[in-house]
Amino acid sequence: MPFSDFHGNAETVHTLREMLVRKHFPHALILSGPQGSGKFTLSQMVAKAMNCLERPLSDGLPDFCGHCANCIRIAEADDLEGRFAEAVEARENLRETDKRETRLYVQTHPDVMVIPPDPPQMLVKVDQVRHVIHQIYYKPAEGGERIYIFSDADFMKEAANSLLKILEEPPEFATIFLLTDNPTALLPTIRSRCMHLRLVPIPTAEVEQYLAAVCPEWKPRARALVGRVCGGGLGRARGFDLAGYLAARQDALTLLGPAMGIQDHSALFRVTDTYRSGADGKAKTEQLLRTLYALLEDLLFLRSGTAELVRNQDIQPELARMASEVDFAWIAAAGQRLGEVESGMRRNLLRSLALDTLATALEPVTPK
């Protein structure tokens, strides 16, 4: 998969390749963009181009062959979700004392390391950054450059402060990628020491066209929904669980029922009772919260008169009726309460009870 196979953001890709050919690549790069926009894929491509043994050119700019020993080994981490699951499983099989001291990394090549957020908090821990500090000053073993990719640059405070030590005195043969959906969440002192490139969302029409090729079994209405919900993230659209999203959306609408004046809570309690503990329950709850945010955003668009921005257009009439029942203050308060539920999930609060509390806290409102 050469650079030409990367979908969208041609200018950003061209900028990266020009820096490679001029050998003026920054020591640290923030690559931001919506979920599924290809941040990790593009970082892996750059890692391959930096360490490719054949160093081919295309259009006069550096590329990678994809079949040399370095390219193949780096590519083994392309399936980050699979490698992450393996790392988590390997840690779970350790003794309890070792498990607490072990942090997660994905490294399929000695000079390229991926540092994912560490569960259960899903934050980058200080021990992970210290491990990078310990390794980064050693010269590359088999390639031309050491690459460290923080796949989700959401740091604990102490970890962020430790990272500054590398950014202030970086080695000339290493590059750090910080991948994030929200660059403003990074410390200003980190942002000031990094170059920042952004991947912009791909237009919905292009996402739908892509889905028509890779998911021909989906009907046009389904492709339109996925294209909008994914917010221009092609990678997210490619692996989108449409059935799971529709189920989560129906549950989310049920949770919003009390706010719309529905007095019978039996359906609500039946729904929230299905959100149990465990890894599966955690993923299901996270999907529900993301879907609730998306519905609140659609209500905000409808209240502000920008219905063309609504993502869940297949249920727009229902959302329009809901929007007529709420005001901006209610939407803001609902978003704040969702944030409180997310915080509670990190503290392992009982999920079904937290969702019951959320739904009943959104008191019925009078028409606006």
# chains A, B, ... in the order shown; residues from 1 in each chain; ligands from 1
call {"tool": "residues_around", "arguments": {"residues": "Ala237 (chain A)", "least_positions_apart": "3", "cutoff": "8 Å", "atoms": "only C-alpha atoms", "output": "PDB file with N, CA and C atoms, in the first residue's frame"}}
result
ATOM      1  N   GLY A  36     -10.891   7.805  12.603  1.00  0.00           N
ATOM      2  CA  GLY A  36     -10.976   7.082  11.338  1.00  0.00           C
ATOM      3  C   GLY A  36     -10.461   7.853  10.142  1.00  0.00           C
ATOM      4  N   VAL A 207     -17.167   9.488   0.844  1.00  0.00           N
ATOM      5  CA  VAL A 207     -17.270   8.336   1.742  1.00  0.00           C
ATOM      6  C   VAL A 207     -18.334   7.365   1.214  1.00  0.00           C
ATOM      7  N   LEU A 211     -17.854   3.506   0.117  1.00  0.00           N
ATOM      8  CA  LEU A 211     -18.623   2.420   0.717  1.00  0.00           C
ATOM      9  C   LEU A 211     -19.370   1.608  -0.340  1.00  0.00           C
ATOM     10  N   VAL A 226     -24.130   6.037   7.292  1.00  0.00           N
ATOM     11  CA  VAL A 226     -22.771   5.774   7.769  1.00  0.00           C
ATOM     12  C   VAL A 226     -21.835   6.909   7.367  1.00  0.00           C
ATOM     13  N   GLY A 227     -21.992   7.400   6.129  1.00  0.00           N
ATOM     14  CA  GLY A 227     -21.145   8.494   5.667  1.00  0.00           C
ATOM     15  C   GLY A 227     -21.252   9.720   6.540  1.00  0.00           C
ATOM     16  N   CYS A 230     -20.012   8.955  10.442  1.00  0.00           N
ATOM     17  CA  CYS A 230     -18.566   8.800  10.596  1.00  0.00           C
ATOM     18  C   CYS A 230     -17.808  10.116  10.478  1.00  0.00           C
ATOM     19  N   GLY A 233     -14.525  10.275   8.425  1.00  0.00           N
ATOM     20  CA  GLY A 233     -13.450   9.334   8.739  1.00  0.00           C
ATOM     21  C   GLY A 233     -13.601   8.070   7.924  1.00  0.00           C
ATOM     22  N   LEU A 234     -12.771   7.916   6.893  1.00  0.00           N
ATOM     23  CA  LEU A 234     -12.923   6.790   5.976  1.00  0.00           C
ATOM     24  C   LEU A 234     -12.631   5.464   6.672  1.00  0.00           C
ATOM     25  N   PHE A 240     -17.348   0.178  10.087  1.00  0.00           N
ATOM     26  CA  PHE A 240     -18.486   0.620  10.888  1.00  0.00           C
ATOM     27  C   PHE A 240     -19.456  -0.528  11.141  1.00  0.00           C
TER      28      PHE A 240
END
call {"tool": "select_by_dssp", "arguments": {"residues": "region 17-144 of chain A", "states": "alpha helix (DSSP H)", "output": "ChimeraX atom specification"}}
result
/A:17-22,39-51,69-75,80-92,96-101,126-136
call {"tool": "residues_around", "arguments": {"residues": "region 82-95 of chain A", "least_positions_apart": "4", "cutoff": "10 Å", "atoms": "only C-alpha atoms", "output": "ChimeraX atom specification"}}
result
/A:76-78,99-108,114-119
call {"tool": "write_last_selection", "arguments": {"atoms": "N, CA and C atoms", "output": "PDB file, in the first residue's frame"}}
result
ATOM      1  N   GLU A  76       3.241  -5.341  10.213  1.00  0.00           N
ATOM      2  CA  GLU A  76       2.575  -6.265  11.133  1.00  0.00           C
ATOM      3  C   GLU A  76       1.803  -5.523  12.219  1.00  0.00           C
ATOM      4  N   ALA A  77       2.116  -4.248  12.432  1.00  0.00           N
ATOM      5  CA  ALA A  77       1.398  -3.438  13.410  1.00  0.00           C
ATOM      6  C   ALA A  77       0.275  -2.625  12.777  1.00  0.00           C
ATOM      7  N   ASP A  78       0.071  -2.769  11.452  1.00  0.00           N
ATOM      8  CA  ASP A  78      -1.000  -2.011  10.787  1.00  0.00           C
ATOM      9  C   ASP A  78      -2.358  -2.326  11.404  1.00  0.00           C
ATOM     10  N   LYS A  99       1.454  -8.109  36.553  1.00  0.00           N
ATOM     11  CA  LYS A  99       0.431  -7.440  35.746  1.00  0.00           C
ATOM     12  C   LYS A  99       0.363  -5.948  36.082  1.00  0.00           C
ATOM     13  N   ARG A 100       0.455  -5.619  37.380  1.00  0.00           N
ATOM     14  CA  ARG A 100       0.341  -4.227  37.801  1.00  0.00           C
ATOM     15  C   ARG A 100       1.523  -3.380  37.326  1.00  0.00           C
ATOM     16  N   GLU A 101       2.649  -4.022  37.116  1.00  0.00           N
ATOM     17  CA  GLU A 101       3.864  -3.289  36.733  1.00  0.00           C
ATOM     18  C   GLU A 101       4.104  -3.286  35.223  1.00  0.00           C
ATOM     19  N   THR A 102       3.282  -3.987  34.473  1.00  0.00           N
ATOM     20  CA  THR A 102       3.492  -4.134  33.030  1.00  0.00           C
ATOM     21  C   THR A 102       2.643  -3.117  32.268  1.00  0.00           C
ATOM     22  N   ARG A 103       3.257  -2.409  31.355  1.00  0.00           N
ATOM     23  CA  ARG A 103       2.549  -1.455  30.500  1.00  0.00           C
ATOM     24  C   ARG A 103       2.488  -1.985  29.067  1.00  0.00           C
ATOM     25  N   LEU A 104       1.580  -1.427  28.290  1.00  0.00           N
ATOM     26  CA  LEU A 104       1.336  -1.949  26.946  1.00  0.00           C
ATOM     27  C   LEU A 104       2.140  -1.197  25.878  1.00  0.00           C
ATOM     28  N   TYR A 105       2.691  -1.984  24.949  1.00  0.00           N
ATOM     29  CA  TYR A 105       3.383  -1.448  23.775  1.00  0.00           C
ATOM     30  C   TYR A 105       3.111  -2.405  22.612  1.00  0.00           C
ATOM     31  N   VAL A 106       3.184  -1.877  21.408  1.00  0.00           N
ATOM     32  CA  VAL A 106       3.103  -2.706  20.206  1.00  0.00           C
ATOM     33  C   VAL A 106       4.376  -2.448  19.417  1.00  0.00           C
ATOM     34  N   GLN A 107       5.205  -3.472  19.266  1.00  0.00           N
ATOM     35  CA  GLN A 107       6.479  -3.300  18.564  1.00  0.00           C
ATOM     36  C   GLN A 107       6.768  -4.546  17.744  1.00  0.00           C
ATOM     37  N   THR A 108       6.624  -4.407  16.433  1.00  0.00           N
ATOM     38  CA  THR A 108       6.904  -5.517  15.526  1.00  0.00           C
ATOM     39  C   THR A 108       8.222  -5.321  14.786  1.00  0.00           C
ATOM     40  N   VAL A 114       4.757   1.467  18.866  1.00  0.00           N
ATOM     41  CA  VAL A 114       3.452   2.103  19.031  1.00  0.00           C
ATOM     42  C   VAL A 114       3.106   2.072  20.514  1.00  0.00           C
ATOM     43  N   ILE A 115       2.734   3.230  21.046  1.00  0.00           N
ATOM     44  CA  ILE A 115       2.382   3.329  22.463  1.00  0.00           C
ATOM     45  C   ILE A 115       0.888   3.640  22.555  1.00  0.00           C
ATOM     46  N   PRO A 116       0.057   2.639  22.848  1.00  0.00           N
ATOM     47  CA  PRO A 116      -1.386   2.873  22.947  1.00  0.00           C
ATOM     48  C   PRO A 116      -1.761   3.351  24.345  1.00  0.00           C
ATOM     49  N   PRO A 117      -2.920   3.950  24.527  1.00  0.00           N
ATOM     50  CA  PRO A 117      -3.374   4.276  25.879  1.00  0.00           C
ATOM     51  C   PRO A 117      -3.569   2.999  26.683  1.00  0.00           C
ATOM     52  N   ASP A 118      -3.239   3.054  27.952  1.00  0.00           N
ATOM     53  CA  ASP A 118      -3.233   1.862  28.795  1.00  0.00           C
ATOM     54  C   ASP A 118      -4.569   1.696  29.514  1.00  0.00           C
ATOM     55  N   PRO A 119      -5.228   0.542  29.353  1.00  0.00           N
ATOM     56  CA  PRO A 119      -6.487   0.307  30.063  1.00  0.00           C
ATOM     57  C   PRO A 119      -6.243   0.037  31.539  1.00  0.00           C
TER      58      PRO A 119
END
call {"tool": "residues_around", "arguments": {"residues": "Asp152 (chain A)", "least_positions_apart": "5", "cutoff": "9 Å", "atoms": "only C-alpha atoms", "output": "list in words"}}
result
Ile115, Pro116, Pro117, Met122, Leu123, Val124, Leu178, Leu179, Thr180 and Asp181 of chain A
call {"tool": "atom_distance", "arguments": {"atom1": "CA of Ala159 (chain A)", "atom2": "CA of Ala141 (chain A)"}}
result
26.2 Å
call {"tool": "residues_around", "arguments": {"residues": "Gly60 (chain A)", "least_positions_apart": "3", "cutoff": "12 Å", "atoms": "only C-alpha atoms", "output": "list in words"}}
result
His14, Arg17, Glu18, Leu20, Val21, Arg22, Arg55, Pro56, Leu57 and Asp63 of chain A
call {"tool": "residues_around", "arguments": {"residues": "Pro110 (chain A)", "least_positions_apart": "3", "cutoff": "10 Å", "atoms": "only C-alpha atoms", "output": "short mmCIF file (atom, residue, chain, number, x, y, z; two decimals) with C-alpha atoms, in the first residue's frame"}}
result
data_model
loop_
_atom_site.label_atom_id
_atom_site.label_comp_id
_atom_site.auth_asym_id
_atom_site.auth_seq_id
_atom_site.Cartn_x
_atom_site.Cartn_y
_atom_site.Cartn_z
CA ASN A 70 11.60 -3.64 7.29
CA ARG A 73 7.76 -6.12 9.91
CA ILE A 74 6.45 -2.59 10.43
CA GLN A 107 6.48 -3.30 18.56
CA MET A 113 7.15 1.37 18.60
CA PRO A 140 18.45 2.72 15.13
CA ALA A 141 19.23 -0.98 15.08
CA GLU A 142 18.01 -1.98 11.60
CA GLY A 143 16.50 1.09 9.98
CA ARG A 146 13.52 5.44 15.35
CA ILE A 147 9.76 6.05 15.31
#
call {"tool": "residues_around", "arguments": {"residues": "Met195 (chain A)", "least_positions_apart": "6", "cutoff": "8 Å", "atoms": "only C-alpha atoms", "output": "list in words"}}
result
Pro26, Ala28, Leu29 and Ile30 of chain A
call {"tool": "closest_residue", "arguments": {"among": "A:Lys165, A:Arg238, A:Arg130, A:Arg321", "to": "Ala213 (chain A)", "atoms": "only C-alpha atoms"}}
result
A:Arg238
